[in-house]
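Novice: Below is a structure I'd like to ask you about.
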Amino acid sequence: MAIVMHNKSTRENNVSTHLKRMGTKTAAVVAAAGAMLAFSAAPSLGQQQFVTIGTGGVTGVYYPAGGSICRLVNQGRSEHGIRCSAESTGGSVFNLNTIREGELDMGVVQSDVQYNSLHGIEQFADAGPYEDLRAMFSLHPEPFTVVARADAGITNFEDLLGKRVNLGNPGSGQRNTMELLMAEYGWTADDFALAAELPSREQAQALCDNRFDAFVFTVGHPSGSISEPIATCDAVLVNVTGDIIDRLVEDNPYYFHATIPAGMYNNSEDVHTFGVGATVVSSTNTSDEVVYQVVRAVFENFDEFTALHPAFGVLERETMVTTGNSAPLHDGAVRYYEEAGLM
Ligand code: GLU
């Protein structure tokens with residue numbers, strides 16, 4: 001068994017640099033603003049606030065999700081003065097930890113990661129319960145998706161045993177879900193011929209280059225990250241079913257049975273698996289006004305939002321408020337939902 005270490009995502013490393021840079025920029029802008037825009041009715045540059053959403057790899061759905069949210073927020077920036085940017089990161093667990101460190105304002109995270117962090121369990125046992133974590137809304141479903149080379153003889157999750165498998169980069173939601181599954185199945189990394197740790201943006205190419213037999217990705221559908229290896233090298237989707245999966249779904253509020261319907265990619269039949277939901281979270285450190293404006297931008301421009309990515313086609317405003325959010329809703333979000341009659 002060999003572990004392939006990936007170089008830590010440069011973008012991941014860049015998040016704090018970027019934020020520090022923005023902090024400096026904000027300070028400079030604040031100093032200049034009084035002189036420049038003292039008589040403007042719109043928020044002056046000095047009143048502008050920079051907020052950042054942590055997402056995932058550029059080929060996933062979190063990154064365009066964050067970009068879509070920010071695009072709608074930024075359309076209203078002359079009124080509210082908030083300038084939003086989406087950062088590509090290592091994924092859910094990275095986003096949650098970085099929000100907790102105060103270096104991201106918001107992030108897209110899997111519903112299981114939200115739940116575990118709130119309660120301080122599983123991978124967050126050392127950190128303890130995150131009492132300041134706040135939910136904003138949920139997004140698209142994310143089936144746990146296994147993609148294999150057609151020549152690898154893998155038709156169900158159990159067939160991964162002994163194969164070359166990309167487990168995902170540390171910090172990603174899929175790595176987290178995969179480790180949980182491995183524990184349930186009684187497997188360790190040594191049980192694979194190769195346990196790779198490539199981030200999502202590199203895994204499709206690596207699969208087609210025959211560097212491993214399969215990769216796992218907890219992601220919304222349709223996604224370019226899945227269609228690419230299917231189109232380029234005839235990769236196939238694999239079922240993730242069995243007693244262990246049934247029990248996991250039964251025991252945990254954030255898991256559900258999921259189906260990738262026939263025809264979504266090259267699959268002539270439905271692919272059965274289980275999944276989580278993507279959610280957008282923040283913390284009590286992010287102001288009510290910022291969260292109110294971000295939520296408002298998405299919900300007031302809902303048709304525009306759902307048209308920005310095909311995985312958003314299934315979204316409904318009511319369920320985004322009522323499902324997948326285990327942390328308390330942020331006060332700024334509650335303010336909007338009450339105004340809009342959504343709660
Ligand atoms: N679910 C993945 C994660 O939590 C990210 C999926 C995506 O990039 O769309 O890391």
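Just so we're on the same page: first chain in the structure tokens is A, next is B, and so on; residues restart at 1 for each chain, and ligands are numbered from 1 in the order they show up.
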Taking 2 positions as the minimum chain separation for residues in the same chain, which residues sit within 8 Å of range 230-241 of chain A when counting only C-alpha atoms? Answer as a list in words.
Specialist: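 After dropping sequence-adjacent residues, the list is Phe144, Thr145, Val146, Val147, Ala148, Arg149, Ala150, Ile154, Thr155, Asn156, Phe157, Cys208, Ile226, Ser227, Glu228, Asp243, Ile244, Ile245, Asp246, Tyr265, Asn266, Asn267, Val271, His272, Thr273 and Phe274 of chain A.
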Novice: Can you write out the residues you just picked, keeping N, CA and C atoms, as a compact mmCIF listing (two decimals), in the first residue's frame?
Specialist:
```
# COMPACT_ATOMS: atom_id res chain seq x y z
N PHE A 144 -23.12 10.46 -2.26
CA PHE A 144 -21.75 9.95 -2.16
C PHE A 144 -21.52 9.16 -3.44
N THR A 145 -20.61 9.66 -4.29
CA THR A 145 -20.51 9.18 -5.66
C THR A 145 -19.17 8.47 -5.88
N VAL A 146 -19.25 7.22 -6.32
CA VAL A 146 -18.03 6.45 -6.60
C VAL A 146 -17.92 6.30 -8.12
N VAL A 147 -16.80 6.73 -8.66
CA VAL A 147 -16.54 6.66 -10.10
C VAL A 147 -15.34 5.74 -10.31
N ALA A 148 -15.51 4.73 -11.18
CA ALA A 148 -14.44 3.74 -11.37
C ALA A 148 -14.07 3.62 -12.84
N ARG A 149 -12.86 3.15 -13.07
CA ARG A 149 -12.47 2.80 -14.44
C ARG A 149 -13.30 1.58 -14.88
N ALA A 150 -13.73 1.60 -16.13
CA ALA A 150 -14.59 0.53 -16.61
C ALA A 150 -13.88 -0.83 -16.54
N ILE A 154 -15.30 -3.01 -10.77
CA ILE A 154 -15.91 -2.48 -9.54
C ILE A 154 -17.38 -2.17 -9.82
N THR A 155 -18.29 -2.89 -9.16
CA THR A 155 -19.70 -2.59 -9.39
C THR A 155 -20.42 -2.13 -8.12
N ASN A 156 -19.85 -2.46 -6.95
CA ASN A 156 -20.43 -1.94 -5.71
C ASN A 156 -19.29 -1.49 -4.81
N PHE A 157 -19.65 -0.72 -3.78
CA PHE A 157 -18.64 -0.12 -2.91
C PHE A 157 -17.66 -1.15 -2.36
N CYS A 208 -8.35 8.88 -15.39
CA CYS A 208 -8.18 8.58 -16.82
C CYS A 208 -6.73 8.24 -17.15
N ILE A 226 -17.80 14.82 -12.65
CA ILE A 226 -18.22 13.43 -12.89
C ILE A 226 -18.36 13.18 -14.39
N SER A 227 -18.91 14.16 -15.10
CA SER A 227 -19.11 13.94 -16.54
C SER A 227 -17.78 13.89 -17.28
N GLU A 228 -16.77 14.58 -16.77
CA GLU A 228 -15.48 14.62 -17.48
C GLU A 228 -14.83 13.23 -17.63
N ASP A 243 -26.35 -3.48 3.79
CA ASP A 243 -26.88 -3.35 5.16
C ASP A 243 -26.23 -2.21 5.92
N ILE A 244 -24.92 -2.06 5.74
CA ILE A 244 -24.22 -1.00 6.49
C ILE A 244 -24.75 0.37 6.09
N ILE A 245 -24.97 0.55 4.80
CA ILE A 245 -25.49 1.85 4.32
C ILE A 245 -26.92 2.06 4.85
N ASP A 246 -27.73 1.01 4.81
CA ASP A 246 -29.11 1.14 5.32
C ASP A 246 -29.10 1.56 6.79
N TYR A 265 -25.75 10.69 -16.65
CA TYR A 265 -24.45 10.65 -17.32
C TYR A 265 -24.54 9.55 -18.38
N ASN A 266 -23.63 8.57 -18.34
CA ASN A 266 -23.71 7.47 -19.31
C ASN A 266 -24.47 6.27 -18.73
N ASN A 267 -25.04 6.45 -17.53
CA ASN A 267 -25.64 5.30 -16.85
C ASN A 267 -26.99 4.94 -17.43
N VAL A 271 -28.39 4.69 -10.42
CA VAL A 271 -27.29 4.32 -9.54
C VAL A 271 -27.75 4.62 -8.11
N HIS A 272 -27.66 3.61 -7.23
CA HIS A 272 -28.17 3.77 -5.86
C HIS A 272 -27.02 4.01 -4.90
N THR A 273 -27.18 5.00 -4.05
CA THR A 273 -26.16 5.31 -3.07
C THR A 273 -26.84 6.01 -1.88
N PHE A 274 -26.09 6.70 -1.08
CA PHE A 274 -26.67 7.51 0.00
C PHE A 274 -26.01 8.88 -0.09
```
Novice: Residues within 9 Å of ligand 1, counting only C-alpha atoms and all ligand atoms: report them as a ChimeraX atom specification.
Specialist: /A:55-65,88-95,108-110,113,142-144,168-169,171-176,200-201,217-220,223,225,276-278
Novice: Please extract the residues of range 63-114 of chain A with a backbone DSSP assignment of strand (DSSP E or B) and present them as number ranges by chain.
Specialist: A: 82-87, 106-110
Novice: Using N, CA, C and O atoms, can you export the residues from the last selection as an mmCIF file, in the first residue's frame?
Specialist:
```cif
data_model
loop_
_atom_site.group_PDB
_atom_site.id
_atom_site.type_symbol
_atom_site.label_atom_id
_atom_site.label_comp_id
_atom_site.auth_asym_id
_atom_site.auth_seq_id
_atom_site.Cartn_x
_atom_site.Cartn_y
_atom_site.Cartn_z
ATOM 1 N N ILE A 82 -21.880 45.642 0.614
ATOM 2 C CA ILE A 82 -21.179 44.375 0.885
ATOM 3 C C ILE A 82 -20.605 43.824 -0.419
ATOM 4 O O ILE A 82 -21.311 43.739 -1.428
ATOM 5 N N ARG A 83 -19.348 43.467 -0.382
ATOM 6 C CA ARG A 83 -18.661 42.907 -1.543
ATOM 7 C C ARG A 83 -18.263 41.482 -1.197
ATOM 8 O O ARG A 83 -17.507 41.257 -0.252
ATOM 9 N N CYS A 84 -18.799 40.554 -1.949
ATOM 10 C CA CYS A 84 -18.667 39.142 -1.594
ATOM 11 C C CYS A 84 -17.722 38.447 -2.568
ATOM 12 O O CYS A 84 -17.775 38.691 -3.766
ATOM 13 N N SER A 85 -16.855 37.580 -2.052
ATOM 14 C CA SER A 85 -16.035 36.773 -2.963
ATOM 15 C C SER A 85 -16.052 35.307 -2.520
ATOM 16 O O SER A 85 -16.154 35.003 -1.331
ATOM 17 N N ALA A 86 -15.994 34.418 -3.503
ATOM 18 C CA ALA A 86 -15.986 32.973 -3.229
ATOM 19 C C ALA A 86 -14.558 32.465 -3.404
ATOM 20 O O ALA A 86 -13.923 32.766 -4.405
ATOM 21 N N GLU A 87 -14.082 31.737 -2.416
ATOM 22 C CA GLU A 87 -12.727 31.174 -2.471
ATOM 23 C C GLU A 87 -12.795 29.679 -2.722
ATOM 24 O O GLU A 87 -13.565 28.971 -2.056
ATOM 25 N N MET A 106 -18.257 32.860 5.850
ATOM 26 C CA MET A 106 -19.295 31.877 5.554
ATOM 27 C C MET A 106 -18.641 30.720 4.811
ATOM 28 O O MET A 106 -17.537 30.861 4.296
ATOM 29 N N GLY A 107 -19.362 29.604 4.700
ATOM 30 C CA GLY A 107 -18.795 28.494 3.947
ATOM 31 C C GLY A 107 -19.879 27.522 3.538
ATOM 32 O O GLY A 107 -20.958 27.477 4.144
ATOM 33 N N VAL A 108 -19.586 26.752 2.491
ATOM 34 C CA VAL A 108 -20.482 25.681 2.086
ATOM 35 C C VAL A 108 -19.938 24.409 2.729
ATOM 36 O O VAL A 108 -18.747 24.108 2.597
ATOM 37 N N VAL A 109 -20.794 23.698 3.442
ATOM 38 C CA VAL A 109 -20.347 22.478 4.134
ATOM 39 C C VAL A 109 -21.420 21.403 4.026
ATOM 40 O O VAL A 109 -22.603 21.702 3.916
ATOM 41 N N GLN A 110 -20.993 20.164 4.086
ATOM 42 C CA GLN A 110 -21.945 19.042 4.075
ATOM 43 C C GLN A 110 -22.770 19.067 5.366
ATOM 44 O O GLN A 110 -22.275 19.438 6.431
#
```
Novice: Enumerate as a PyMOL selection string all residues of range 72-283 of chain A assigned to alpha helix (DSSP H) by DSSP on the backbone, naming them with the chain letters and numbers the document uses.
Specialist: chain A and resi 72-75+77-80+92-100+111-119+173-185+200-208+224-233+243-251
Novice: Could you tell me which of A:Leu133, A:Val249, A:Leu161, A:Leu104 comes closest to Ser326 in chain A if we count only C-alpha atoms?
Specialist: A:Leu133
Novice: Nearest residue to Pro229 in chain A out of A:Gly242, A:Asp209, A:Ala183, A:Pro310, using only C-alpha atoms?
Specialist: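 The shortest atom-to-atom distance to Pro229 in chain A comes from A:Asp209.
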Novice: Nearest residue to Val314 in chain A out of A:His140, A:His221, A:His257, A:Arg211, using only C-alpha atoms?
Specialist: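 Going through A:His140, A:His221, A:His257, A:Arg211 one by one, the smallest distance to Val314 in chain A is for A:His140.
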Novice: Excluding Asn285 in chain A and any residue of its chain fewer than 4 positions from it, enumerate the residues within 9 Å of it, using only C-alpha atoms, and give them as a ChimeraX atom specification.
Specialist: /A:102,105,132
Novice: Kindly export the residues of the current selection with N, CA and C atoms, as a PDB file, in the first residue's frame.
Specialist:
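Result saved to out27.pdb:
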```
ATOM      1  N   GLY A 102     -12.092  32.210  12.472  1.00  0.00           N
ATOM      2  CA  GLY A 102     -12.414  33.609  12.172  1.00  0.00           C
ATOM      3  C   GLY A 102     -11.829  34.100  10.857  1.00  0.00           C
ATOM      4  N   ASP A 105     -15.936  34.154   6.526  1.00  0.00           N
ATOM      5  CA  ASP A 105     -17.208  34.646   7.080  1.00  0.00           C
ATOM      6  C   ASP A 105     -18.314  33.606   6.947  1.00  0.00           C
ATOM      7  N   ASP A 132     -21.015  28.605  18.508  1.00  0.00           N
ATOM      8  CA  ASP A 132     -21.267  29.826  17.725  1.00  0.00           C
ATOM      9  C   ASP A 132     -21.589  29.533  16.261  1.00  0.00           C
TER      10      ASP A 132
END
```
